[in-house]
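Worksheet for the structure shown next.
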Amino acid sequence: MSSFTINGNIADIPGKKFYPGTINIEGGRITAIKKNADNIDKSLPYILPGFIDSHVHIESSMLVPSEFARLAVVHGTVATVSDPHEIANVCGIQGVEYMIRNAGNVNFKFYFGAPSCVPATTFETAGDIINSPDIRDLLKRKEIKYLSEMMNFPGVINNDPEVMEKIAAAHEFSKPVDGHAPGLRGNALEKYISAGISTDHECFTKEEALEKLNRGMKVIIREGSAAKNFEALISLLNDYPEMIMFCSDDKHPDSLVQGHINVLCKRAVQKGIDIFNILQATCINPVDHYSLETGILREGDAADFIVLDDLNNFIIKKTFINGICVAENGQTNIGSSENKIINRFGCDKISPQALECKTEEYLISNNLPVIEALDGQLITNKLFVEPKIVNGTIIPDMRNDILKIVVVNRYKNVQPAISFIKNFGLKEGAIASSVAHDSHNIIAVGADDISITEAINLVIDKKGGVSCVSSSSKKILALPVGGLMSNEDGYKVADAYTEIDKMAKSMGSSLSAPFMTLSFMALLVIPSLKLSDKGLFDGQSFSFVY
């Protein structure tokens, strides 16, 4: 590695000041930082520690880690705290190992967790199981920094032995435990935290986040492609600067091309949040909480930093990782590498007849239970409506925007699970995806059985992907890596996703991210109604509706 110096207004985040200075870099590390003056020199750029996404599922970008890195560094991201939960639910331990190996192909700091909930619940079919001995083996590895989000909060509260063994293993290895407890409050929350769970990224109200903060839990403010909690929570940062971090959680490739954590920094500045509190949340807190090896502009640290002209727009001029310039003026310097395929797919194509809904099977007290999707949220509402029935069969009610939703078990041939959903807005056709949290069966929403069948079969044919079918066109973005990720160039994947997203919206969907929203309609651990491959599930009672 070469030696060099760089001049700029250097961020001293603990001291809450910037000063003109010179940084010496040798062998990928900062060997010296020299202060040249006391006051900011406006002719010089600003030098900050690189940004860290404190909770992300790389798989949701539809890119393998090496391609994710190529896009993220352009926006000043140098590291991620990455939960490989999605690929683990498809391929188990082999999936986690795949992510670690692929991440090693590039100069970027991926820190992985041991997925705590594989499968996420017993109410769905996943591709594999990771039990407590597996968790213990993973936590022994230096690449594994923490126990990933403990979604099974009922298991924690009720002292489920397997759940508690996983948590105990993390404590034994002095590694933190991430939480996942949407809406959990009061005594139940206290019991959850007392088990040693230290973060939550699922707060969707300020009041909920405030209670968790006051009970000692760190809150990770999430702003992804579907779930958006920044506006509700950002005002807390000035009062709790050492207790808050930023994350994207799930971010689609088109969104990643546009920006990453830098966008949240810009928005926080516009909200009047103190710049040093913002940098504390994005650069320092993740390093301290997860014991990361990412540099934060100290002598002896790895030379991980970013250069930018101003602290208002957060447009990154240069990104350095281990003293190497990995991005410059909006262009990535990380090259693509050959990406292998790992997958698990075992179902055959379906017929439209498999999607018929006979009246007596789907009604509760003569009413039809309907999932109400909410734009920008993972939670849903529970509706009961009068069904539209033709020849003894329930069909979509286009006038009231009630479409059919289907989940097909991708691991074996069984009868599809069927329900109905509101707010997708499609006027014709269907969309489908093999990205369906958390077990990643095939999920589809559509206006008629033929279109839904075609969309699903496109996904099955490619052994993974997102598809869109209209009266005049069919598109699919193939995702052969676990049915979750492409093995192609990240920018090309982003372009292809942009086109299929536009097609879905041209068919009437008013959702900001219809495919991302679709992917969460099988996420049973987030209430209220969701659909798994085994049936319609009530996330509040934790039981099947049918």
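Chain lettering (A, B, ...) mirrors the order of the structure tokens, residue numbering begins at 1 for each chain separately, and ligand numbering begins at 1 in order of display.
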
- Can you tell me, as a PyMOL selection string, what residues are no more than 9 Å from segment 480-484 of chain A when counting only C-alpha atoms, ignoring any on the same chain fewer than 4 positions away? chain A and resi 59-64+86-87+90-91+95+340-345+433-435+440+459+462-465

Restricting the output to N, CA and C atoms, write the selected residues as a PDB file, in the first residue's frame.
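Wrote it out as result_17.pdb, contents follow:
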ATOM      1  N   GLU A  59     -29.049  -8.904   1.080  1.00  0.00           N
ATOM      2  CA  GLU A  59     -29.841  -9.642   0.102  1.00  0.00           C
ATOM      3  C   GLU A  59     -30.986  -8.798  -0.468  1.00  0.00           C
ATOM      4  N   SER A  60     -31.530  -7.883   0.336  1.00  0.00           N
ATOM      5  CA  SER A  60     -32.662  -7.088  -0.128  1.00  0.00           C
ATOM      6  C   SER A  60     -32.288  -6.083  -1.211  1.00  0.00           C
ATOM      7  N   SER A  61     -30.995  -5.845  -1.380  1.00  0.00           N
ATOM      8  CA  SER A  61     -30.557  -4.988  -2.483  1.00  0.00           C
ATOM      9  C   SER A  61     -30.587  -5.752  -3.805  1.00  0.00           C
ATOM     10  N   MET A  62     -30.860  -7.067  -3.726  1.00  0.00           N
ATOM     11  CA  MET A  62     -30.835  -7.961  -4.889  1.00  0.00           C
ATOM     12  C   MET A  62     -29.437  -8.111  -5.463  1.00  0.00           C
ATOM     13  N   LEU A  63     -28.440  -7.692  -4.679  1.00  0.00           N
ATOM     14  CA  LEU A  63     -27.041  -7.760  -5.098  1.00  0.00           C
ATOM     15  C   LEU A  63     -26.259  -8.621  -4.123  1.00  0.00           C
ATOM     16  N   VAL A  64     -25.293  -9.366  -4.629  1.00  0.00           N
ATOM     17  CA  VAL A  64     -24.369 -10.058  -3.736  1.00  0.00           C
ATOM     18  C   VAL A  64     -23.504  -9.010  -3.043  1.00  0.00           C
ATOM     19  N   GLU A  86     -31.655 -13.590   5.439  1.00  0.00           N
ATOM     20  CA  GLU A  86     -32.458 -13.976   4.278  1.00  0.00           C
ATOM     21  C   GLU A  86     -31.870 -15.193   3.571  1.00  0.00           C
ATOM     22  N   ILE A  87     -30.583 -15.135   3.248  1.00  0.00           N
ATOM     23  CA  ILE A  87     -29.957 -16.267   2.577  1.00  0.00           C
ATOM     24  C   ILE A  87     -29.899 -17.474   3.511  1.00  0.00           C
ATOM     25  N   VAL A  90     -32.924 -19.597   3.351  1.00  0.00           N
ATOM     26  CA  VAL A  90     -32.984 -20.397   2.126  1.00  0.00           C
ATOM     27  C   VAL A  90     -31.957 -21.522   2.161  1.00  0.00           C
ATOM     28  N   CYS A  91     -30.721 -21.198   2.537  1.00  0.00           N
ATOM     29  CA  CYS A  91     -29.605 -22.142   2.398  1.00  0.00           C
ATOM     30  C   CYS A  91     -28.888 -22.461   3.704  1.00  0.00           C
ATOM     31  N   GLY A  95     -25.456 -20.593   3.375  1.00  0.00           N
ATOM     32  CA  GLY A  95     -25.784 -19.255   2.911  1.00  0.00           C
ATOM     33  C   GLY A  95     -24.974 -18.192   3.621  1.00  0.00           C
ATOM     34  N   LYS A 340     -20.463 -16.650  -7.907  1.00  0.00           N
ATOM     35  CA  LYS A 340     -21.034 -17.982  -8.032  1.00  0.00           C
ATOM     36  C   LYS A 340     -22.491 -17.985  -7.574  1.00  0.00           C
ATOM     37  N   ILE A 341     -23.170 -19.108  -7.842  1.00  0.00           N
ATOM     38  CA  ILE A 341     -24.589 -19.231  -7.514  1.00  0.00           C
ATOM     39  C   ILE A 341     -24.777 -20.296  -6.449  1.00  0.00           C
ATOM     40  N   ILE A 342     -25.583 -19.966  -5.441  1.00  0.00           N
ATOM     41  CA  ILE A 342     -26.039 -20.912  -4.437  1.00  0.00           C
ATOM     42  C   ILE A 342     -27.556 -20.748  -4.369  1.00  0.00           C
ATOM     43  N   ASN A 343     -28.294 -21.856  -4.283  1.00  0.00           N
ATOM     44  CA  ASN A 343     -29.748 -21.722  -4.329  1.00  0.00           C
ATOM     45  C   ASN A 343     -30.407 -22.967  -3.750  1.00  0.00           C
ATOM     46  N   ARG A 344     -31.714 -22.866  -3.536  1.00  0.00           N
ATOM     47  CA  ARG A 344     -32.530 -24.006  -3.123  1.00  0.00           C
ATOM     48  C   ARG A 344     -33.943 -23.765  -3.651  1.00  0.00           C
ATOM     49  N   PHE A 345     -34.329 -24.553  -4.634  1.00  0.00           N
ATOM     50  CA  PHE A 345     -35.624 -24.378  -5.295  1.00  0.00           C
ATOM     51  C   PHE A 345     -36.159 -25.768  -5.645  1.00  0.00           C
ATOM     52  N   SER A 433     -42.711 -12.465  -6.714  1.00  0.00           N
ATOM     53  CA  SER A 433     -41.334 -12.364  -6.243  1.00  0.00           C
ATOM     54  C   SER A 433     -40.965 -13.588  -5.418  1.00  0.00           C
ATOM     55  N   SER A 434     -39.712 -14.009  -5.511  1.00  0.00           N
ATOM     56  CA  SER A 434     -39.188 -15.038  -4.612  1.00  0.00           C
ATOM     57  C   SER A 434     -38.488 -14.408  -3.418  1.00  0.00           C
ATOM     58  N   VAL A 435     -38.568 -13.095  -3.304  1.00  0.00           N
ATOM     59  CA  VAL A 435     -38.117 -12.384  -2.109  1.00  0.00           C
ATOM     60  C   VAL A 435     -39.360 -12.160  -1.255  1.00  0.00           C
ATOM     61  N   HIS A 440     -38.924 -16.791   2.245  1.00  0.00           N
ATOM     62  CA  HIS A 440     -38.660 -16.565   0.827  1.00  0.00           C
ATOM     63  C   HIS A 440     -39.279 -17.623  -0.074  1.00  0.00           C
ATOM     64  N   VAL A 459     -41.133 -16.732 -12.265  1.00  0.00           N
ATOM     65  CA  VAL A 459     -40.186 -16.820 -11.155  1.00  0.00           C
ATOM     66  C   VAL A 459     -39.675 -18.249 -11.002  1.00  0.00           C
ATOM     67  N   LYS A 462     -37.030 -19.273 -13.611  1.00  0.00           N
ATOM     68  CA  LYS A 462     -35.687 -18.725 -13.401  1.00  0.00           C
ATOM     69  C   LYS A 462     -35.088 -19.146 -12.053  1.00  0.00           C
ATOM     70  N   LYS A 463     -35.859 -19.934 -11.281  1.00  0.00           N
ATOM     71  CA  LYS A 463     -35.451 -20.323  -9.925  1.00  0.00           C
ATOM     72  C   LYS A 463     -35.140 -19.092  -9.075  1.00  0.00           C
ATOM     73  N   GLY A 464     -36.009 -18.111  -9.210  1.00  0.00           N
ATOM     74  CA  GLY A 464     -35.899 -16.899  -8.408  1.00  0.00           C
ATOM     75  C   GLY A 464     -35.937 -15.646  -9.234  1.00  0.00           C
ATOM     76  N   GLY A 465     -36.620 -14.620  -8.701  1.00  0.00           N
ATOM     77  CA  GLY A 465     -36.673 -13.344  -9.394  1.00  0.00           C
ATOM     78  C   GLY A 465     -37.886 -12.541  -8.988  1.00  0.00           C
TER      79      GLY A 465
END

- Message: Just list as JSON, numbers by chain whatever in segment 147-367 of chain A DSSP marks as strand (DSSP E).
- Response: {"A": [147, 148, 149, 150, 177, 178, 179, 197, 198, 199, 200, 218, 219, 220, 221, 222, 244, 245, 246, 247, 305, 306, 307, 308, 316, 317, 318, 319, 320, 321, 324, 325, 326, 327, 328, 331, 332]}

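Coordinates place atom CA of Val406 of chain A at a distance of 9.1 Å from atom CA of Ile456 of chain A.
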
- Selected residue of minimal separation from Ala417 of chain A among A:Ala327, A:Ile405, A:Leu264, A:Ile244, counting only C-alpha atoms: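 Of the candidates, the smallest distance to Ala417 of chain A is held by A:Ile405.
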
- Task: Rank nothing, just name the residue among A:Glu428, A:Glu360, A:Asp249, A:Glu488 nearest to Ser472 of chain A, using only C-alpha atoms.
- Result: A:Glu428

- Message: When you look at Glu386 of chain A with a cut-off of 8 Å (counting only C-alpha atoms), what residues show up, excluding the ones that are within fewer than 2 positions of it in the same chain? I need them as a PyMOL selection string.
- Response: chain A and resi 366-368+384+388

- Task: Find the spatial neighbours of Gly224 of chain A, counting only C-alpha atoms, within a cut-off of 6 Å - ignore same-chain residues fewer than 6 positions away - and output them as a ChimeraX atom specification.
- Result: /A:248-251

- Item | Residues within 10 Å of Ala11 of chain A, only C-alpha atoms, excluding chain neighbours under 4 positions, as number ranges by chain | A: 15-21, 46-49, 276, 279, 296-297

- Item | Spatial neighbours of segment 120-131 of chain A, 8 Å, only C-alpha atoms, chain gap at least 6 places, as a PyMOL selection string | chain A and resi 88-93+151-152+162+344+409+411+438-441+524-525+532-534

Could you please take those selected residues and save N, CA and C atoms as a PDB file, in the first residue's frame?
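The result, written out as part-v1.pdb:
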ATOM      1  N   ALA A  88     -29.812 -17.231   4.829  1.00  0.00           N
ATOM      2  CA  ALA A  88     -29.789 -18.336   5.789  1.00  0.00           C
ATOM      3  C   ALA A  88     -31.122 -19.078   5.810  1.00  0.00           C
ATOM      4  N   ASN A  89     -32.216 -18.363   5.642  1.00  0.00           N
ATOM      5  CA  ASN A  89     -33.531 -19.013   5.616  1.00  0.00           C
ATOM      6  C   ASN A  89     -33.718 -19.865   4.365  1.00  0.00           C
ATOM      7  N   VAL A  90     -32.924 -19.597   3.351  1.00  0.00           N
ATOM      8  CA  VAL A  90     -32.984 -20.397   2.126  1.00  0.00           C
ATOM      9  C   VAL A  90     -31.957 -21.522   2.161  1.00  0.00           C
ATOM     10  N   CYS A  91     -30.721 -21.198   2.537  1.00  0.00           N
ATOM     11  CA  CYS A  91     -29.605 -22.142   2.398  1.00  0.00           C
ATOM     12  C   CYS A  91     -28.888 -22.461   3.704  1.00  0.00           C
ATOM     13  N   GLY A  92     -29.374 -21.973   4.838  1.00  0.00           N
ATOM     14  CA  GLY A  92     -28.782 -22.307   6.115  1.00  0.00           C
ATOM     15  C   GLY A  92     -27.372 -21.771   6.293  1.00  0.00           C
ATOM     16  N   ILE A  93     -26.549 -22.533   7.031  1.00  0.00           N
ATOM     17  CA  ILE A  93     -25.170 -22.128   7.303  1.00  0.00           C
ATOM     18  C   ILE A  93     -24.399 -21.882   6.013  1.00  0.00           C
ATOM     19  N   MET A 151     -36.153 -11.874  16.456  1.00  0.00           N
ATOM     20  CA  MET A 151     -37.543 -11.577  16.094  1.00  0.00           C
ATOM     21  C   MET A 151     -38.547 -12.333  16.958  1.00  0.00           C
ATOM     22  N   ASN A 152     -38.119 -13.432  17.502  1.00  0.00           N
ATOM     23  CA  ASN A 152     -39.035 -14.246  18.307  1.00  0.00           C
ATOM     24  C   ASN A 152     -39.148 -13.659  19.708  1.00  0.00           C
ATOM     25  N   GLU A 162     -34.662 -22.886  23.590  1.00  0.00           N
ATOM     26  CA  GLU A 162     -33.808 -22.750  22.409  1.00  0.00           C
ATOM     27  C   GLU A 162     -33.439 -21.290  22.161  1.00  0.00           C
ATOM     28  N   ARG A 344     -31.714 -22.866  -3.536  1.00  0.00           N
ATOM     29  CA  ARG A 344     -32.530 -24.006  -3.123  1.00  0.00           C
ATOM     30  C   ARG A 344     -33.943 -23.765  -3.651  1.00  0.00           C
ATOM     31  N   ASN A 409     -45.160 -22.388  -1.869  1.00  0.00           N
ATOM     32  CA  ASN A 409     -43.979 -23.003  -1.255  1.00  0.00           C
ATOM     33  C   ASN A 409     -42.952 -23.301  -2.341  1.00  0.00           C
ATOM     34  N   TYR A 411     -40.006 -24.705  -1.875  1.00  0.00           N
ATOM     35  CA  TYR A 411     -39.120 -25.803  -1.536  1.00  0.00           C
ATOM     36  C   TYR A 411     -39.695 -27.180  -1.879  1.00  0.00           C
ATOM     37  N   ASP A 438     -39.965 -14.157   5.821  1.00  0.00           N
ATOM     38  CA  ASP A 438     -38.550 -14.439   5.977  1.00  0.00           C
ATOM     39  C   ASP A 438     -38.145 -15.753   5.302  1.00  0.00           C
ATOM     40  N   SER A 439     -39.100 -16.564   4.923  1.00  0.00           N
ATOM     41  CA  SER A 439     -38.762 -17.882   4.386  1.00  0.00           C
ATOM     42  C   SER A 439     -38.516 -17.867   2.885  1.00  0.00           C
ATOM     43  N   HIS A 440     -38.924 -16.791   2.245  1.00  0.00           N
ATOM     44  CA  HIS A 440     -38.660 -16.565   0.827  1.00  0.00           C
ATOM     45  C   HIS A 440     -39.279 -17.623  -0.074  1.00  0.00           C
ATOM     46  N   ASN A 441     -40.539 -17.902   0.228  1.00  0.00           N
ATOM     47  CA  ASN A 441     -41.367 -18.610  -0.732  1.00  0.00           C
ATOM     48  C   ASN A 441     -41.794 -17.605  -1.798  1.00  0.00           C
ATOM     49  N   LEU A 524     -44.446 -12.820   9.051  1.00  0.00           N
ATOM     50  CA  LEU A 524     -45.434 -13.121  10.080  1.00  0.00           C
ATOM     51  C   LEU A 524     -45.160 -12.434  11.403  1.00  0.00           C
ATOM     52  N   VAL A 525     -43.907 -12.099  11.695  1.00  0.00           N
ATOM     53  CA  VAL A 525     -43.577 -11.519  12.998  1.00  0.00           C
ATOM     54  C   VAL A 525     -43.931 -10.038  13.088  1.00  0.00           C
ATOM     55  N   SER A 532     -48.553 -16.720   4.917  1.00  0.00           N
ATOM     56  CA  SER A 532     -47.429 -17.641   4.724  1.00  0.00           C
ATOM     57  C   SER A 532     -47.850 -18.742   3.770  1.00  0.00           C
ATOM     58  N   ASP A 533     -46.910 -19.634   3.465  1.00  0.00           N
ATOM     59  CA  ASP A 533     -47.261 -20.749   2.575  1.00  0.00           C
ATOM     60  C   ASP A 533     -48.237 -21.710   3.237  1.00  0.00           C
ATOM     61  N   LYS A 534     -48.468 -21.544   4.564  1.00  0.00           N
ATOM     62  CA  LYS A 534     -49.388 -22.426   5.289  1.00  0.00           C
ATOM     63  C   LYS A 534     -50.748 -21.797   5.543  1.00  0.00           C
TER      64      LYS A 534
END

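Distances to Pro253 of chain A were evaluated for A:Asn400, A:Gln270, A:Ser225, A:Ser419 using only C-alpha atoms, and the minimum falls at A:Ser225.
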